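K.L.:
Once you've had a glance at the structure underneath, I'll fire off some questions.
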Amino acid sequence: MRSERSAGPSAQTFVGITVIGVVAAFVIYPVFYLLQASFDVGDPEARPPTAYGFDNFEGLPKYWEIMLNTLYVSFAATVMALVFGFLTAWILNRTNVPFRRTLEQAMAVPYYVTPLLGALAWSLLGAPESGFANQIWRALGGHDAIIDIVSPMGIAWVMALFEGSVAFVMIGAVMKSMDPSLEEASQINGAGRFYTMMRVTLPLVTPGVLGAAIFVFAEMLGSFSAALVLGTPVRFYVITTAIYQLVAQYPPRIPLAAAMGVSLFAVMFFMLFFYRRIIAHRSYVTVSGKAFRPRLTDVGGLRWVLFAICGSYVVLSVVLPILTLVYASVQRLAVAFPAVGNFTLDNYRTALTQNAVRYAMSNSLILGVLTATIGVALTGMLSWLIHRSRIPGRGLLEYIVMFPQAVPRLVFAFGMMWAWLVFPIPIYGTLWLLLIAYLTVFLPLGVRTISSVLLQLDKSLDECGEVCGASWGYRMRTITMPLLRPGLLAAWMLLFIASVRELGASILLMGPHSQVLTPAIVSAWFGSSSELTAAMALIQTVVLGLAVGLFTLLTRRASRQGG
């Protein structure tokens with residue numbers, strides 16, 4: 001027993017130091033090169049820079065229109081997403097709307113559909129000249145376009161549809177933990193439902209609404225796919241698409257792009273600091289020692305109207321985009337009123353027989369499995385180090401781990417591109433660099449998922465094993481990991497989904513021999529046909545769905561056998 005106790009701390013310390021070193025290198029190394037590039041004012045061909053200065057930042061005001069575009073679209077999209085999220089969270093957590101559980105599960109589906117798929121579908125629906133909705137409108141006698149999805153508000157609409165589910169989850173979690181007696185007291189005193197919602201419910205869920213606003217606005221600032229698909233054809237740029245254009249053009253303007261990226265995540269850090277300051281100086285406590293059960297309000301016949309509101313959100317964000325892509329993918333030329341001879345399956349045959357597409361799909365699946373498997377081990381250890389270990393600097397480690405969440409993935413990928421170009425080992429343009437990029441940008445996702453389960457476990461379970469003389473490794477293997485199994489499985493699935501569909505971290509880092517599917521879909525949209533692109537997007541969705549279904553089936557079977 002004595003030898004196990006002496007071996008425990010050494011193994012724990014060794015593993016902890018190794019994990020911290022890997023994470024620090026993954027996060028800090030590219031950020032250093034991003035900052036270095038932003039201050040580079042010397043010879044653009046020289047590595048390292050020959051001179052430093054603030055010229056790149058001083059030149060940013062010349063791009064004031066792009067800055068205003070970014071703020072306008074991000075603000076509009078955030079407002080719409082918060083309206084979607086708050087309204088649906090209130091309906092599903094506070095009213096007796098029919099099929100409430102089914103609707104609550106359906107609200108998470110937009111996360112899996114992805115903004116890229118939504119942008120492609122809504123472009124087919126609402127393009128001013130060729131959009132299906134506008135073709136139907138003109139056939140009915142209309143003249144101008146009834147929908148202009150390539151406008152700033154159109155881009156904001158698409159972005160909001162797919163971030164509304166995030167706002168719903170964040171606000172809904174607060175509503176579930178709020179004492180409903182406060183709302184009941186308001187209604188007993190004669191206040192109506194709308195007045196109670198605005199003057200009681202909304203103020204009490206301010207932390208959730210404000211947190212959702214900060215998070216969603218940061219996501220909108222760093223949004224890339226919707227602005228790329230919808231804005232680039234009409235030369236409407238936001239900061240992320242401008243950075244991509246500056247890097248992709250010849251010759252690339254790396255220092256200016258780096259200055260834009262640094263400015264963008266500086267704004268995000270200020271927002272997070274502002275949020276913490278607000279929450280720290282106010283009290284929102286509604287849950288005390290007194291037990292309560294959330295009770296639903298009987299809204300009478302209005303419940304079907306509320307059901308229609310929630311159902312409409314699911315239709316607009318999931319059902320309609322998928323049906324639109326299916327409809328376009330089986331046509332030779334996508335039109336609203338096709339002739340019989342226009343229908344074909346050739347787009348699917350082309351997509352499935354192209355070596356580039358099959359190669360990109362296999363690469364995406366390989367990277368998804370590797371990212372999820374390595375990521376679960378890495379983020380699981382990080383969660384334990386942050387919340388259970390006694391290693392000094394745990395708070396700093398948490399900030400480092402969560403740093404990629406505050407930086408747009410395209411900006412972080414740009415820092416990685418700049419860093420790994422000068423790395424002695426030539427991994428730029430390979431799958432290894434994409435794997436490192438995915439592991440880095442998804443650190444916050446894995447740590448949050450596993451930590452939410454870890455924090456529910458009583459420390460005494462691990463302490464009992466330590467008192468009995470079990471080594472640290474033995475306790476991790478026989479106590480902690482089995483209890484963490486639900487969080488580990490959920491993290492694996494989320495990391496797999498996120499990496500297979502990732503665009504911002506892939507489009508700058510992939511090379512000729514490391515093509516992945518999501519950037520290939522974007523390339524097909526701009527360089528091929530919309531019909532083929534629709535088929536590719538649906539194939540990705542189906543493959544992802546089958547992989548998730550297979551993983552779920554295997555885990556359930558393993559759980560039954562284990563039980």
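Here, A, B, ... name the chains of the structure tokens in the order displayed, residue numbers run from 1 inside each chain, and ligands are numbered from 1 in the same displayed order.
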Any idea what's packed within 6 Å of stretch 323-326 of chain A, counting only C-alpha atoms, ignoring anything in its chain fewer than 2 positions away? Could you give it as a short mmCIF file (atom, residue, chain, number, x, y, z; two decimals) with N, CA and C atoms, in the first residue's frame?

P.N.:
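And here is the file that came out, result-v3.cif:
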data_model
loop_
_atom_site.label_atom_id
_atom_site.label_comp_id
_atom_site.auth_asym_id
_atom_site.auth_seq_id
_atom_site.Cartn_x
_atom_site.Cartn_y
_atom_site.Cartn_z
N ALA A 121 -29.05 26.42 -48.24
CA ALA A 121 -30.48 26.23 -48.50
C ALA A 121 -31.21 27.56 -48.66
N LEU A 320 -37.36 23.12 -43.51
CA LEU A 320 -37.34 23.81 -44.80
C LEU A 320 -35.97 23.79 -45.47
N PRO A 321 -34.85 24.06 -44.75
CA PRO A 321 -33.55 23.97 -45.41
C PRO A 321 -33.24 22.58 -45.97
N ALA A 328 -33.40 20.64 -54.60
CA ALA A 328 -32.41 21.13 -55.56
C ALA A 328 -31.47 20.03 -56.02
N SER A 329 -31.16 19.09 -55.14
CA SER A 329 -30.16 18.07 -55.47
C SER A 329 -30.63 17.06 -56.50
N ALA A 534 -25.69 20.94 -53.21
CA ALA A 534 -26.79 20.47 -52.37
C ALA A 534 -26.66 18.98 -52.10
#

K.L.:
Kindly assemble as JSON lines a list of the stretch 235-265 of chain A residues that lie within 10 Å of stretch 31-34 of chain A, each paired with its nearest atom pair and their distance in Å to one decimal, using only C-alpha atoms, sorted first by chain and then by ascending residue number.

P.N.:
{"residue": "A:Ile254", "atom": "CA", "partner": "A:Leu34", "partner_atom": "CA", "distance": 9.6}
{"residue": "A:Pro255", "atom": "CA", "partner": "A:Leu34", "partner_atom": "CA", "distance": 8.8}
{"residue": "A:Ala257", "atom": "CA", "partner": "A:Leu34", "partner_atom": "CA", "distance": 9.5}
{"residue": "A:Ala258", "atom": "CA", "partner": "A:Leu34", "partner_atom": "CA", "distance": 6.0}
{"residue": "A:Ala259", "atom": "CA", "partner": "A:Leu34", "partner_atom": "CA", "distance": 8.4}
{"residue": "A:Gly261", "atom": "CA", "partner": "A:Leu34", "partner_atom": "CA", "distance": 8.2}
{"residue": "A:Val262", "atom": "CA", "partner": "A:Leu34", "partner_atom": "CA", "distance": 7.5}

K.L.:
Export, as a PDB file, in the first residue's frame, the selected residues with C-alpha atoms.

P.N.:
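Printed below is part31.pdb as written:
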ATOM      1  CA  ILE A 254      -0.840  38.635 -43.800  1.00  0.00           C
ATOM      2  CA  PRO A 255       0.002  41.470 -41.350  1.00  0.00           C
ATOM      3  CA  ALA A 257      -5.289  40.197 -41.711  1.00  0.00           C
ATOM      4  CA  ALA A 258      -3.529  39.448 -38.417  1.00  0.00           C
ATOM      5  CA  ALA A 259      -4.296  42.958 -37.113  1.00  0.00           C
ATOM      6  CA  GLY A 261      -7.976  39.130 -36.140  1.00  0.00           C
ATOM      7  CA  VAL A 262      -6.291  40.525 -33.029  1.00  0.00           C
TER       8      VAL A 262
END

K.L.:
Leaving out stretch 64-81 of chain A and any residue of its chain fewer than 6 positions from it, which residues lie within 7 Å of it when counting only C-alpha atoms, given as a compact mmCIF listing (two decimals) with C-alpha atoms, in the first residue's frame?

P.N.:
# COMPACT_ATOMS: atom_id res chain seq x y z
CA PRO A 152 -27.29 42.18 -44.48
CA MET A 153 -30.61 41.35 -42.79
CA ALA A 156 -28.35 38.04 -39.98
CA TRP A 157 -31.56 36.00 -40.31
CA MET A 159 -27.10 33.34 -38.52
CA ALA A 160 -29.87 33.90 -35.95
CA LEU A 161 -31.77 30.76 -36.92
CA GLU A 163 -27.75 30.44 -32.85
CA GLY A 164 -31.31 30.70 -31.53
CA ALA A 167 -29.80 30.99 -26.67
CA ALA A 213 -26.34 37.68 -25.43
CA VAL A 216 -24.20 34.65 -29.11
CA PHE A 217 -22.83 38.09 -30.03
CA MET A 220 -21.87 36.24 -34.51
CA LEU A 221 -18.72 38.39 -34.58
CA TYR A 237 -17.79 41.54 -46.28
CA VAL A 238 -17.57 41.15 -42.52
CA ILE A 239 -14.30 40.88 -40.61

K.L.:
Tell me which protein, DNA and RNA residues are within 9 Å of A:Ile450, counting only C-alpha atoms, leaving out same-chain ones fewer than 6 positions away, and put them as a PyMOL selection string.

P.N.:
chain A and resi 376+379-380+383+484+486-488+490-491

K.L.:
Env of A:Phe39: 9 Å cut, atoms = only C-alpha atoms, seq-sep filter 4 positions within chain, self excluded. Answer as a ChimeraX atom specification.

P.N.:
/A:34-35,49,51-57,255-256,258-259

K.L.:
Now that the selection is made, can you save its residues with N, CA and C atoms as a PDB file, in the first residue's frame?

P.N.:
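Result went into selection.pdb, see below:
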ATOM      1  N   LEU A  34       0.391  34.970 -34.104  1.00  0.00           N
ATOM      2  CA  LEU A  34      -0.643  35.877 -34.588  1.00  0.00           C
ATOM      3  C   LEU A  34      -0.335  37.311 -34.163  1.00  0.00           C
ATOM      4  N   LEU A  35       0.042  37.490 -32.902  1.00  0.00           N
ATOM      5  CA  LEU A  35       0.414  38.820 -32.422  1.00  0.00           C
ATOM      6  C   LEU A  35       1.657  39.329 -33.141  1.00  0.00           C
ATOM      7  N   PRO A  49       9.960  38.638 -38.507  1.00  0.00           N
ATOM      8  CA  PRO A  49       9.843  40.005 -39.020  1.00  0.00           C
ATOM      9  C   PRO A  49      11.106  40.823 -38.745  1.00  0.00           C
ATOM     10  N   ALA A  51      10.991  44.243 -38.691  1.00  0.00           N
ATOM     11  CA  ALA A  51      10.621  45.483 -38.005  1.00  0.00           C
ATOM     12  C   ALA A  51       9.218  45.347 -37.448  1.00  0.00           C
ATOM     13  N   TYR A  52       8.987  46.043 -36.334  1.00  0.00           N
ATOM     14  CA  TYR A  52       7.690  45.988 -35.680  1.00  0.00           C
ATOM     15  C   TYR A  52       7.139  47.404 -35.523  1.00  0.00           C
ATOM     16  N   GLY A  53       5.798  47.491 -35.528  1.00  0.00           N
ATOM     17  CA  GLY A  53       5.159  48.782 -35.354  1.00  0.00           C
ATOM     18  C   GLY A  53       3.648  48.631 -35.316  1.00  0.00           C
ATOM     19  N   PHE A  54       2.959  49.768 -35.278  1.00  0.00           N
ATOM     20  CA  PHE A  54       1.501  49.772 -35.179  1.00  0.00           C
ATOM     21  C   PHE A  54       0.839  50.142 -36.510  1.00  0.00           C
ATOM     22  N   ASP A  55       1.592  50.109 -37.599  1.00  0.00           N
ATOM     23  CA  ASP A  55       1.050  50.551 -38.882  1.00  0.00           C
ATOM     24  C   ASP A  55      -0.173  49.747 -39.308  1.00  0.00           C
ATOM     25  N   ASN A  56      -0.164  48.434 -39.052  1.00  0.00           N
ATOM     26  CA  ASN A  56      -1.297  47.598 -39.473  1.00  0.00           C
ATOM     27  C   ASN A  56      -2.574  47.979 -38.725  1.00  0.00           C
ATOM     28  N   PHE A  57      -2.452  48.276 -37.436  1.00  0.00           N
ATOM     29  CA  PHE A  57      -3.616  48.691 -36.654  1.00  0.00           C
ATOM     30  C   PHE A  57      -4.054  50.104 -37.040  1.00  0.00           C
ATOM     31  N   PRO A 255       0.006  40.604 -42.543  1.00  0.00           N
ATOM     32  CA  PRO A 255       0.002  41.470 -41.350  1.00  0.00           C
ATOM     33  C   PRO A 255      -1.323  42.198 -41.130  1.00  0.00           C
ATOM     34  N   LEU A 256      -1.953  42.687 -42.211  1.00  0.00           N
ATOM     35  CA  LEU A 256      -3.229  43.378 -42.060  1.00  0.00           C
ATOM     36  C   LEU A 256      -4.309  42.414 -41.585  1.00  0.00           C
ATOM     37  N   ALA A 258      -3.809  39.750 -39.814  1.00  0.00           N
ATOM     38  CA  ALA A 258      -3.529  39.448 -38.417  1.00  0.00           C
ATOM     39  C   ALA A 258      -4.008  40.576 -37.505  1.00  0.00           C
ATOM     40  N   ALA A 259      -3.826  41.827 -37.919  1.00  0.00           N
ATOM     41  CA  ALA A 259      -4.296  42.958 -37.113  1.00  0.00           C
ATOM     42  C   ALA A 259      -5.807  42.931 -36.972  1.00  0.00           C
TER      43      ALA A 259
END

K.L.:
Residues near A:Val318, anyone? I mean within 10 Å using only C-alpha atoms, not counting same-chain ones fewer than 6 positions away, as a ChimeraX atom specification.

P.N.:
/A:106-107,109-114,117-118,161-162,312

K.L.:
Any chance you could list, as a short mmCIF file (atom, residue, chain, number, x, y, z; two decimals) with N, CA and C atoms, in the first residue's frame, the residues in stretch 329-371 of chain A that come up alpha helix (DSSP H) when DSSP is run on the backbone?

P.N.:
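Output file states34.cif is given in full below:
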data_model
loop_
_atom_site.label_atom_id
_atom_site.label_comp_id
_atom_site.auth_asym_id
_atom_site.auth_seq_id
_atom_site.Cartn_x
_atom_site.Cartn_y
_atom_site.Cartn_z
N SER A 329 -31.16 19.09 -55.14
CA SER A 329 -30.16 18.07 -55.47
C SER A 329 -30.63 17.06 -56.50
N ASP A 346 -28.10 12.29 -61.00
CA ASP A 346 -26.71 12.41 -61.43
C ASP A 346 -25.86 13.19 -60.44
N ASN A 347 -26.45 14.13 -59.73
CA ASN A 347 -25.66 14.91 -58.78
C ASN A 347 -25.11 14.03 -57.66
N TYR A 348 -25.92 13.07 -57.23
CA TYR A 348 -25.45 12.15 -56.20
C TYR A 348 -24.39 11.19 -56.77
N ARG A 349 -24.62 10.73 -58.01
CA ARG A 349 -23.61 9.85 -58.62
C ARG A 349 -22.29 10.58 -58.77
N THR A 350 -22.35 11.83 -59.21
CA THR A 350 -21.12 12.61 -59.37
C THR A 350 -20.42 12.81 -58.04
N ALA A 351 -21.20 13.17 -57.02
CA ALA A 351 -20.60 13.42 -55.72
C ALA A 351 -19.97 12.16 -55.12
N LEU A 352 -20.62 11.01 -55.32
CA LEU A 352 -20.13 9.77 -54.72
C LEU A 352 -19.01 9.13 -55.52
N THR A 353 -18.87 9.50 -56.80
CA THR A 353 -17.82 8.90 -57.63
C THR A 353 -16.60 9.79 -57.78
N ASN A 355 -13.29 11.28 -56.88
CA ASN A 355 -12.25 10.88 -55.93
C ASN A 355 -12.01 11.96 -54.88
N ALA A 356 -12.07 13.22 -55.32
CA ALA A 356 -11.82 14.31 -54.38
C ALA A 356 -12.85 14.32 -53.26
N VAL A 357 -14.12 14.08 -53.60
CA VAL A 357 -15.18 14.09 -52.59
C VAL A 357 -15.03 12.90 -51.64
N ARG A 358 -14.79 11.72 -52.21
CA ARG A 358 -14.63 10.54 -51.36
C ARG A 358 -13.40 10.66 -50.47
N TYR A 359 -12.33 11.23 -51.02
CA TYR A 359 -11.11 11.43 -50.24
C TYR A 359 -11.36 12.42 -49.11
N ALA A 360 -12.06 13.51 -49.44
CA ALA A 360 -12.37 14.51 -48.42
C ALA A 360 -13.28 13.94 -47.34
N MET A 361 -14.24 13.10 -47.75
CA MET A 361 -15.15 12.51 -46.77
C MET A 361 -14.41 11.55 -45.84
N SER A 362 -13.54 10.72 -46.40
CA SER A 362 -12.79 9.79 -45.55
C SER A 362 -11.86 10.55 -44.60
N ASN A 363 -11.23 11.62 -45.10
CA ASN A 363 -10.38 12.44 -44.22
C ASN A 363 -11.18 13.05 -43.08
N SER A 364 -12.38 13.54 -43.40
CA SER A 364 -13.23 14.15 -42.36
C SER A 364 -13.60 13.13 -41.29
N LEU A 365 -13.95 11.91 -41.71
CA LEU A 365 -14.33 10.89 -40.73
C LEU A 365 -13.13 10.45 -39.90
N ILE A 366 -11.97 10.31 -40.54
CA ILE A 366 -10.76 9.94 -39.79
C ILE A 366 -10.43 11.01 -38.76
N LEU A 367 -10.46 12.27 -39.19
CA LEU A 367 -10.18 13.36 -38.27
C LEU A 367 -11.22 13.44 -37.16
N GLY A 368 -12.48 13.18 -37.51
CA GLY A 368 -13.54 13.20 -36.50
C GLY A 368 -13.30 12.16 -35.41
N VAL A 369 -12.95 10.93 -35.81
CA VAL A 369 -12.71 9.86 -34.84
C VAL A 369 -11.47 10.18 -33.99
N LEU A 370 -10.39 10.62 -34.64
CA LEU A 370 -9.16 10.94 -33.90
C LEU A 370 -9.37 12.11 -32.95
N THR A 371 -10.05 13.17 -33.43
CA THR A 371 -10.29 14.33 -32.58
C THR A 371 -11.13 13.96 -31.38
#

K.L.:
What is the distance between atom CA of A:Ser130 and atom CA of A:Leu345, in Å to one decimal?

P.N.:
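Answer for the atom CA of A:Ser130 to atom CA of A:Leu345 separation: 21.4 Å.
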
K.L.:
Using only C-alpha atoms, which of A:Thr297, A:Ser165, A:Thr241, A:Ser151 sits nearest A:Ile91?

P.N.:
A:Thr297

K.L.:
If you count only C-alpha atoms, which residues fall within 8 Å of A:Ser223, apart from same-chain ones fewer than 3 positions away, as a VMD selection string?

P.N.:
chain A and resid 159 219 to 220 226 to 227 240 408

K.L.:
Keeping N, CA and C atoms, export the residues of the selection given above as an mmCIF file, in the first residue's frame.

P.N.:
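Just written: part.cif:
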data_model
loop_
_atom_site.group_PDB
_atom_site.id
_atom_site.type_symbol
_atom_site.label_atom_id
_atom_site.label_comp_id
_atom_site.auth_asym_id
_atom_site.auth_seq_id
_atom_site.Cartn_x
_atom_site.Cartn_y
_atom_site.Cartn_z
ATOM 1 N N MET A 159 -27.947 33.517 -39.701
ATOM 2 C CA MET A 159 -27.101 33.342 -38.518
ATOM 3 C C MET A 159 -27.954 33.164 -37.265
ATOM 4 N N GLU A 219 -20.229 34.780 -30.927
ATOM 5 C CA GLU A 219 -20.323 33.821 -32.025
ATOM 6 C C GLU A 219 -20.645 34.516 -33.341
ATOM 7 N N MET A 220 -21.518 35.510 -33.286
ATOM 8 C CA MET A 220 -21.870 36.240 -34.507
ATOM 9 C C MET A 220 -20.681 37.031 -35.045
ATOM 10 N N ALA A 226 -21.997 31.589 -43.042
ATOM 11 C CA ALA A 226 -23.156 32.274 -43.618
ATOM 12 C C ALA A 226 -22.734 33.531 -44.374
ATOM 13 N N ALA A 227 -21.819 34.306 -43.778
ATOM 14 C CA ALA A 227 -21.352 35.522 -44.444
ATOM 15 C C ALA A 227 -20.563 35.187 -45.702
ATOM 16 N N THR A 240 -14.498 38.436 -40.654
ATOM 17 C CA THR A 240 -13.977 37.094 -40.915
ATOM 18 C C THR A 240 -13.808 36.839 -42.406
ATOM 19 N N PRO A 408 -12.426 33.744 -32.741
ATOM 20 C CA PRO A 408 -13.062 33.089 -33.895
ATOM 21 C C PRO A 408 -12.159 32.000 -34.466
#

K.L.:
In Å to one decimal, how far is atom CA of A:Met510 from atom CA of A:Ile427?

P.N.:
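Those two atoms sit 10.5 Å apart.
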
K.L.:
So which one's closest to A:Ala212, A:Val516, A:Val548, A:Leu445, A:Leu82? Using only C-alpha atoms, please.

P.N.:
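The shortest atom-to-atom distance to A:Ala212 comes from A:Leu82.
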